[in-house]
Amino acid sequence: TGDPMGSGIERMPKELRMSKQDHEIARSTTRWNVEKQKIDAYCWGMNPVFHQDRDSGKIGRVDFTIVPDQETTPNANTVQFRMVLCNIRDSEGNTKDYPNVLPLIVPLEWEITYSHDNHSWRGTKNSNNKVHICTMFDYQWTRDGSIAGLMMLTSIWYYKYLVWQRTGKWPGSGQKHCKACSYEINDCRCLLE
């Protein structure tokens, strides 16, 4: 990927990933039990609100808030995001639920300026054409990721987005992707057309 910081799940802090022990606990209780413990321990300041999916009875989405540090990012807005966990279309068009597919993360009550340069996406059926953020490529997602880990990656994304808004340059080395189809260069769909 060219990113010395790693990509995908490796970018999540280790304690926010699902460890072998976490998977064992999830099998004896529920995955949601482990997820909730991680959220309560590391993401309580993001004020998560959980919404149940009417059809499945599962947690269908999580709304959470990022409050920027005014000392390091003066005048930055407090923003909310929604993480969609149910009925997500994967890259092949199949509908899946978390944790079997990377959740979709969209802004709530504010708009992201869409650009190929700010790690945002647009146009999936899941987002009603709303711009959503890119924390990793779909194929990099594994069941070792967690909701808390994605909340942290969203916070990092937002701070980088603020820099991009100010400077026009995305800080750090992102993963190379095609500007036309947004897939990783190795998986570019444009070459197939």
# chains A, B, ... in the order shown; residues from 1 in each chain; ligands from 1
>>> residues_around(residues="Tyr98 in chain A", least_positions_apart="6", cutoff="12 Å", atoms="only C-alpha atoms", output="list in words")
Arg31, Trp32, Glu35, Lys58, Ile59, Gly60, Arg61, Val62, Met83, Val84, Leu85, Cys86, Asn87, Ile88, Arg89, Asp90, Leu104, Trp141, Thr142, Arg143, Asp144, Gly145, Ser146 and Ile147 of chain A
>>> write_last_selection(atoms="C-alpha atoms", output="CSV table (one decimal), in the first residue's frame")
chain,number,residue,atom,x,y,z
A,31,ARG,CA,-20.0,-10.1,19.9
A,32,TRP,CA,-22.1,-7.1,20.9
A,35,GLU,CA,-18.1,-4.4,21.3
A,58,LYS,CA,-29.9,-6.0,15.7
A,59,ILE,CA,-28.1,-2.8,16.4
A,60,GLY,CA,-28.5,-1.2,12.9
A,61,ARG,CA,-26.6,2.0,13.4
A,62,VAL,CA,-24.5,4.0,15.8
A,83,MET,CA,-22.2,4.2,11.3
A,84,VAL,CA,-24.5,2.0,9.3
A,85,LEU,CA,-24.2,-1.7,10.4
A,86,CYS,CA,-27.1,-3.5,8.7
A,87,ASN,CA,-28.1,-4.1,5.1
A,88,ILE,CA,-24.7,-2.9,3.6
A,89,ARG,CA,-23.9,-3.8,0.0
A,90,ASP,CA,-20.4,-5.2,-0.4
A,104,LEU,CA,-20.7,2.7,6.1
A,141,TRP,CA,-12.0,-5.3,6.6
A,142,THR,CA,-11.9,-8.4,8.7
A,143,ARG,CA,-13.9,-9.6,11.7
A,144,ASP,CA,-10.9,-8.4,13.8
A,145,GLY,CA,-12.1,-4.9,13.4
A,146,SER,CA,-14.5,-3.3,15.8
A,147,ILE,CA,-17.1,-0.5,16.0
>>> select_by_dssp(residues="chain A", states="alpha helix (DSSP H)", output="ChimeraX atom specification")
/A:20-28,31-42,147-167
>>> closest_atom_pairs(of="range 22-118 of chain A", to="range 155-171 of chain A", cutoff="7 Å", atoms="only C-alpha atoms", output="tab-separated table")
residue	atom	partner	partner_atom	distance
A:Ile66	CA	A:Ser155	CA	6.4
A:Asp117	CA	A:Trp170	CA	6.8
A:Asn118	CA	A:Trp170	CA	6.3
>>> write_last_selection(atoms="N, CA and C atoms", output="compact mmCIF listing (two decimals), in the first residue's frame")
# COMPACT_ATOMS: atom_id res chain seq x y z
N ILE A 66 -17.90 13.77 17.42
CA ILE A 66 -16.48 14.09 17.55
C ILE A 66 -16.39 15.56 17.95
N ASP A 117 -9.64 13.73 -3.42
CA ASP A 117 -8.46 13.99 -2.60
C ASP A 117 -8.73 14.00 -1.10
N ASN A 118 -9.97 13.88 -0.66
CA ASN A 118 -10.23 13.95 0.78
C ASN A 118 -10.75 12.64 1.37
>>> residues_around(residues="Leu108 in chain A", least_positions_apart="5", cutoff="10 Å", atoms="only C-alpha atoms", output="list of chain:residue names")
A:Asp63, A:Phe64, A:Thr65, A:Val79, A:Gln80, A:Phe81, A:Arg82, A:Met83
>>> atom_distance(atom1="CA of Thr113 in chain A", atom2="CA of Ala76 in chain A")
15.3 Å
>>> residues_around(residues="range 8-24 of chain A", least_positions_apart="5", cutoff="12 Å", atoms="only C-alpha atoms", output="NGL selection string")
:A and (1 or 3 or 29-43 or 99 or 102 or 134-157 or 174-175)
>>> write_last_selection(atoms="C-alpha atoms", output="short mmCIF file (atom, residue, chain, number, x, y, z; two decimals), in the first residue's frame")
data_model
loop_
_atom_site.label_atom_id
_atom_site.label_comp_id
_atom_site.auth_asym_id
_atom_site.auth_seq_id
_atom_site.Cartn_x
_atom_site.Cartn_y
_atom_site.Cartn_z
CA THR A 1 0.00 0.00 0.00
CA ASP A 3 1.63 3.46 3.85
CA THR A 29 -21.55 -14.44 25.21
CA THR A 30 -22.17 -12.20 22.19
CA ARG A 31 -20.02 -10.09 19.90
CA TRP A 32 -22.11 -7.12 20.92
CA ASN A 33 -21.07 -7.67 24.56
CA VAL A 34 -17.38 -7.35 23.58
CA GLU A 35 -18.07 -4.39 21.28
CA LYS A 36 -19.98 -2.56 24.03
CA GLN A 37 -17.10 -3.08 26.49
CA LYS A 38 -14.63 -1.56 24.01
CA ILE A 39 -16.93 1.37 23.27
CA ASP A 40 -17.55 2.00 26.99
CA ALA A 41 -13.83 1.82 27.78
CA TYR A 42 -12.41 3.86 24.90
CA CYS A 43 -15.16 5.81 23.11
CA PRO A 99 -19.30 -7.70 11.23
CA LEU A 102 -17.16 -2.86 6.49
CA CYS A 134 -13.18 6.13 3.61
CA THR A 135 -11.29 4.58 6.53
CA MET A 136 -10.04 1.57 4.54
CA PHE A 137 -10.81 -0.46 1.43
CA ASP A 138 -13.65 -3.02 1.73
CA TYR A 139 -11.31 -5.97 1.19
CA GLN A 140 -9.13 -4.84 4.13
CA TRP A 141 -12.01 -5.30 6.57
CA THR A 142 -11.94 -8.44 8.71
CA ARG A 143 -13.92 -9.60 11.72
CA ASP A 144 -10.92 -8.44 13.81
CA GLY A 145 -12.12 -4.85 13.37
CA SER A 146 -14.51 -3.28 15.84
CA ILE A 147 -17.05 -0.49 16.02
CA ALA A 148 -14.84 1.31 18.57
CA GLY A 149 -11.88 0.99 16.21
CA LEU A 150 -13.89 2.51 13.37
CA MET A 151 -15.01 5.34 15.64
CA MET A 152 -11.34 6.13 16.34
CA LEU A 153 -10.45 5.95 12.63
CA THR A 154 -13.35 8.32 11.94
CA SER A 155 -11.93 10.78 14.47
CA ILE A 156 -8.53 10.62 12.77
CA TRP A 157 -10.24 11.07 9.39
CA GLY A 174 -2.94 7.57 1.94
CA GLN A 175 -3.40 4.39 -0.01
#
>>> select_by_dssp(residues="range 25-57 of chain A", states="strand (DSSP E)", output="list of chain:residue names")
A:Val49, A:Phe50, A:His51, A:Gln52
>>> write_last_selection(atoms="all heavy atoms", output="tab-separated table (two decimals), in the first residue's frame")
chain	number	residue	atom	x	y	z
A	49	VAL	N	-24.87	6.68	20.42
A	49	VAL	CA	-26.29	6.37	20.56
A	49	VAL	C	-26.57	5.22	19.61
A	49	VAL	O	-26.28	5.30	18.41
A	49	VAL	CB	-27.17	7.59	20.21
A	49	VAL	CG1	-28.65	7.23	20.30
A	49	VAL	CG2	-26.83	8.77	21.10
A	50	PHE	N	-27.14	4.15	20.14
A	50	PHE	CA	-27.37	2.92	19.38
A	50	PHE	C	-28.82	2.84	18.95
A	50	PHE	O	-29.72	3.06	19.75
A	50	PHE	CB	-26.99	1.70	20.23
A	50	PHE	CG	-25.61	1.83	20.81
A	50	PHE	CD1	-25.41	2.27	22.11
A	50	PHE	CD2	-24.49	1.55	20.04
A	50	PHE	CE1	-24.14	2.42	22.64
A	50	PHE	CE2	-23.20	1.69	20.56
A	50	PHE	CZ	-23.03	2.13	21.86
A	51	HIS	N	-29.03	2.50	17.68
A	51	HIS	CA	-30.37	2.40	17.13
A	51	HIS	C	-30.59	0.98	16.62
A	51	HIS	O	-29.77	0.45	15.88
A	51	HIS	CB	-30.56	3.39	15.97
A	51	HIS	CG	-30.30	4.80	16.36
A	51	HIS	ND1	-31.28	5.61	16.91
A	51	HIS	CD2	-29.19	5.56	16.29
A	51	HIS	CE1	-30.77	6.80	17.16
A	51	HIS	NE2	-29.50	6.80	16.79
A	52	GLN	N	-31.71	0.42	17.01
A	52	GLN	CA	-32.06	-0.94	16.60
A	52	GLN	C	-32.68	-0.95	15.21
A	52	GLN	O	-33.48	-0.08	14.86
A	52	GLN	CB	-33.03	-1.52	17.62
A	52	GLN	CG	-33.09	-3.02	17.63
A	52	GLN	CD	-33.85	-3.51	18.86
A	52	GLN	OE1	-34.56	-2.77	19.52
A	52	GLN	NE2	-33.69	-4.79	19.14
>>> decode(residues="range 32-180 of chain A", atoms="C-alpha atoms", output="JSON list (two decimals), in the first residue's frame")
[["chain", "number", "residue", "atom", "x", "y", "z"],
["A", 32, "TRP", "CA", -22.11, -7.12, 20.92],
["A", 33, "ASN", "CA", -21.07, -7.67, 24.56],
["A", 34, "VAL", "CA", -17.38, -7.35, 23.58],
["A", 35, "GLU", "CA", -18.07, -4.39, 21.28],
["A", 36, "LYS", "CA", -19.98, -2.56, 24.03],
["A", 37, "GLN", "CA", -17.10, -3.08, 26.49],
["A", 38, "LYS", "CA", -14.63, -1.56, 24.01],
["A", 39, "ILE", "CA", -16.93, 1.37, 23.27],
["A", 40, "ASP", "CA", -17.55, 2.00, 26.99],
["A", 41, "ALA", "CA", -13.83, 1.82, 27.78],
["A", 42, "TYR", "CA", -12.41, 3.86, 24.90],
["A", 43, "CYS", "CA", -15.16, 5.81, 23.11],
["A", 44, "TRP", "CA", -17.56, 6.95, 25.82],
["A", 45, "GLY", "CA", -16.58, 10.60, 25.11],
["A", 46, "MET", "CA", -18.04, 10.27, 21.61],
["A", 47, "ASN", "CA", -21.50, 9.91, 23.17],
["A", 48, "PRO", "CA", -22.57, 6.91, 21.09],
["A", 49, "VAL", "CA", -26.29, 6.37, 20.56],
["A", 50, "PHE", "CA", -27.37, 2.92, 19.38],
["A", 51, "HIS", "CA", -30.37, 2.40, 17.13],
["A", 52, "GLN", "CA", -32.06, -0.94, 16.60],
["A", 53, "ASP", "CA", -32.88, -2.15, 13.09],
["A", 54, "ARG", "CA", -36.66, -2.68, 12.90],
["A", 55, "ASP", "CA", -36.45, -5.73, 10.65],
["A", 56, "SER", "CA", -33.66, -7.73, 12.27],
["A", 57, "GLY", "CA", -33.76, -6.48, 15.87],
["A", 58, "LYS", "CA", -29.94, -6.03, 15.71],
["A", 59, "ILE", "CA", -28.15, -2.79, 16.38],
["A", 60, "GLY", "CA", -28.54, -1.22, 12.94],
["A", 61, "ARG", "CA", -26.62, 2.00, 13.36],
["A", 62, "VAL", "CA", -24.53, 3.96, 15.83],
["A", 63, "ASP", "CA", -24.53, 7.76, 15.95],
["A", 64, "PHE", "CA", -21.48, 9.34, 17.59],
["A", 65, "THR", "CA", -19.99, 12.78, 18.11],
["A", 66, "ILE", "CA", -16.48, 14.09, 17.55],
["A", 67, "VAL", "CA", -15.60, 17.14, 19.63],
["A", 68, "PRO", "CA", -12.37, 18.66, 18.28],
["A", 69, "ASP", "CA", -9.74, 19.95, 20.68],
["A", 70, "GLN", "CA", -10.14, 23.74, 20.40],
["A", 71, "GLU", "CA", -6.53, 24.28, 21.46],
["A", 72, "THR", "CA", -5.13, 22.36, 18.48],
["A", 73, "THR", "CA", -7.98, 23.01, 16.02],
["A", 74, "PRO", "CA", -9.55, 26.35, 16.96],
["A", 75, "ASN", "CA", -12.95, 27.09, 15.45],
["A", 76, "ALA", "CA", -13.43, 23.47, 14.32],
["A", 77, "ASN", "CA", -17.04, 22.32, 14.55],
["A", 78, "THR", "CA", -18.29, 19.51, 16.73],
["A", 79, "VAL", "CA", -19.73, 16.97, 14.27],
["A", 80, "GLN", "CA", -21.79, 13.81, 14.33],
["A", 81, "PHE", "CA", -21.39, 10.69, 12.25],
["A", 82, "ARG", "CA", -23.63, 7.70, 11.67],
["A", 83, "MET", "CA", -22.16, 4.23, 11.30],
["A", 84, "VAL", "CA", -24.52, 1.98, 9.34],
["A", 85, "LEU", "CA", -24.25, -1.66, 10.44],
["A", 86, "CYS", "CA", -27.13, -3.47, 8.69],
["A", 87, "ASN", "CA", -28.06, -4.09, 5.05],
["A", 88, "ILE", "CA", -24.75, -2.91, 3.60],
["A", 89, "ARG", "CA", -23.88, -3.79, 0.02],
["A", 90, "ASP", "CA", -20.40, -5.22, -0.38],
["A", 91, "SER", "CA", -18.21, -4.60, -3.43],
["A", 92, "GLU", "CA", -19.96, -7.47, -5.28],
["A", 93, "GLY", "CA", -23.40, -6.01, -4.57],
["A", 94, "ASN", "CA", -24.40, -8.57, -1.91],
["A", 95, "THR", "CA", -26.26, -7.30, 1.16],
["A", 96, "LYS", "CA", -24.53, -8.12, 4.44],
["A", 97, "ASP", "CA", -24.57, -7.04, 8.08],
["A", 98, "TYR", "CA", -21.77, -6.09, 10.43],
["A", 99, "PRO", "CA", -19.30, -7.70, 11.23],
["A", 100, "ASN", "CA", -19.29, -9.48, 7.86],
["A", 101, "VAL", "CA", -18.83, -6.24, 5.90],
["A", 102, "LEU", "CA", -17.16, -2.86, 6.49],
["A", 103, "PRO", "CA", -19.74, -0.45, 7.96],
["A", 104, "LEU", "CA", -20.68, 2.69, 6.07],
["A", 105, "ILE", "CA", -19.84, 5.97, 7.87],
["A", 106, "VAL", "CA", -21.72, 9.14, 6.89],
["A", 107, "PRO", "CA", -21.91, 12.63, 8.40],
["A", 108, "LEU", "CA", -25.07, 13.50, 10.32],
["A", 109, "GLU", "CA", -26.60, 16.96, 9.85],
["A", 110, "TRP", "CA", -23.56, 18.33, 8.00],
["A", 111, "GLU", "CA", -22.06, 17.82, 4.56],
["A", 112, "ILE", "CA", -18.68, 16.57, 3.47],
["A", 113, "THR", "CA", -17.25, 18.32, 0.45],
["A", 114, "TYR", "CA", -16.79, 15.45, -2.01],
["A", 115, "SER", "CA", -13.38, 15.19, -3.63],
["A", 116, "HIS", "CA", -11.14, 12.33, -4.71],
["A", 117, "ASP", "CA", -8.46, 13.99, -2.60],
["A", 118, "ASN", "CA", -10.23, 13.95, 0.78],
["A", 119, "HIS", "CA", -10.84, 10.23, 1.23],
["A", 120, "SER", "CA", -14.59, 10.42, 0.70],
["A", 121, "TRP", "CA", -16.88, 8.28, -1.44],
["A", 122, "ARG", "CA", -20.22, 8.86, -3.08],
["A", 123, "GLY", "CA", -22.90, 6.95, -4.88],
["A", 124, "THR", "CA", -23.56, 3.68, -3.10],
["A", 125, "LYS", "CA", -27.13, 2.49, -2.70],
["A", 126, "ASN", "CA", -26.52, 2.35, 1.06],
["A", 127, "SER", "CA", -25.84, 6.05, 1.35],
["A", 128, "ASN", "CA", -28.62, 7.37, -0.92],
["A", 129, "ASN", "CA", -25.87, 9.05, -2.93],
["A", 130, "LYS", "CA", -24.69, 10.84, 0.23],
["A", 131, "VAL", "CA", -20.95, 11.37, 0.59],
["A", 132, "HIS", "CA", -19.39, 9.01, 3.14],
["A", 133, "ILE", "CA", -15.89, 8.62, 4.48],
["A", 134, "CYS", "CA", -13.18, 6.13, 3.61],
["A", 135, "THR", "CA", -11.29, 4.58, 6.53],
["A", 136, "MET", "CA", -10.04, 1.57, 4.54],
["A", 137, "PHE", "CA", -10.81, -0.46, 1.43],
["A", 138, "ASP", "CA", -13.65, -3.02, 1.73],
["A", 139, "TYR", "CA", -11.31, -5.97, 1.19],
["A", 140, "GLN", "CA", -9.13, -4.84, 4.13],
["A", 141, "TRP", "CA", -12.01, -5.30, 6.57],
["A", 142, "THR", "CA", -11.94, -8.44, 8.71],
["A", 143, "ARG", "CA", -13.92, -9.60, 11.72],
["A", 144, "ASP", "CA", -10.92, -8.44, 13.81],
["A", 145, "GLY", "CA", -12.12, -4.85, 13.37],
["A", 146, "SER", "CA", -14.51, -3.28, 15.84],
["A", 147, "ILE", "CA", -17.05, -0.49, 16.02],
["A", 148, "ALA", "CA", -14.84, 1.31, 18.57],
["A", 149, "GLY", "CA", -11.88, 0.99, 16.21],
["A", 150, "LEU", "CA", -13.89, 2.51, 13.37],
["A", 151, "MET", "CA", -15.01, 5.34, 15.64],
["A", 152, "MET", "CA", -11.34, 6.13, 16.34],
["A", 153, "LEU", "CA", -10.45, 5.95, 12.63],
["A", 154, "THR", "CA", -13.35, 8.32, 11.94],
["A", 155, "SER", "CA", -11.93, 10.78, 14.47],
["A", 156, "ILE", "CA", -8.53, 10.62, 12.77],
["A", 157, "TRP", "CA", -10.24, 11.07, 9.39],
["A", 158, "TYR", "CA", -12.06, 14.18, 10.66],
["A", 159, "TYR", "CA", -8.86, 15.84, 11.90],
["A", 160, "LYS", "CA", -7.22, 15.14, 8.52],
["A", 161, "TYR", "CA", -10.33, 16.48, 6.77],
["A", 162, "LEU", "CA", -9.96, 19.76, 8.71],
["A", 163, "VAL", "CA", -6.35, 20.06, 7.50],
["A", 164, "TRP", "CA", -7.47, 19.27, 3.93],
["A", 165, "GLN", "CA", -10.13, 21.99, 4.11],
["A", 166, "ARG", "CA", -7.53, 24.52, 5.24],
["A", 167, "THR", "CA", -4.64, 23.53, 2.95],
["A", 168, "GLY", "CA", -6.08, 21.54, 0.05],
["A", 169, "LYS", "CA", -3.66, 18.69, 0.86],
["A", 170, "TRP", "CA", -4.48, 15.47, 2.70],
["A", 171, "PRO", "CA", -1.96, 14.96, 5.52],
["A", 172, "GLY", "CA", -0.07, 11.68, 5.63],
["A", 173, "SER", "CA", 0.37, 9.06, 2.99],
["A", 174, "GLY", "CA", -2.94, 7.57, 1.94],
["A", 175, "GLN", "CA", -3.40, 4.39, -0.01],
["A", 176, "LYS", "CA", -3.14, 4.90, -3.75],
["A", 177, "HIS", "CA", -6.49, 4.66, -5.54],
["A", 178, "CYS", "CA", -7.90, 5.43, -8.96],
["A", 179, "LYS", "CA", -9.39, 8.93, -9.13],
["A", 180, "ALA", "CA", -12.09, 7.72, -11.55]]
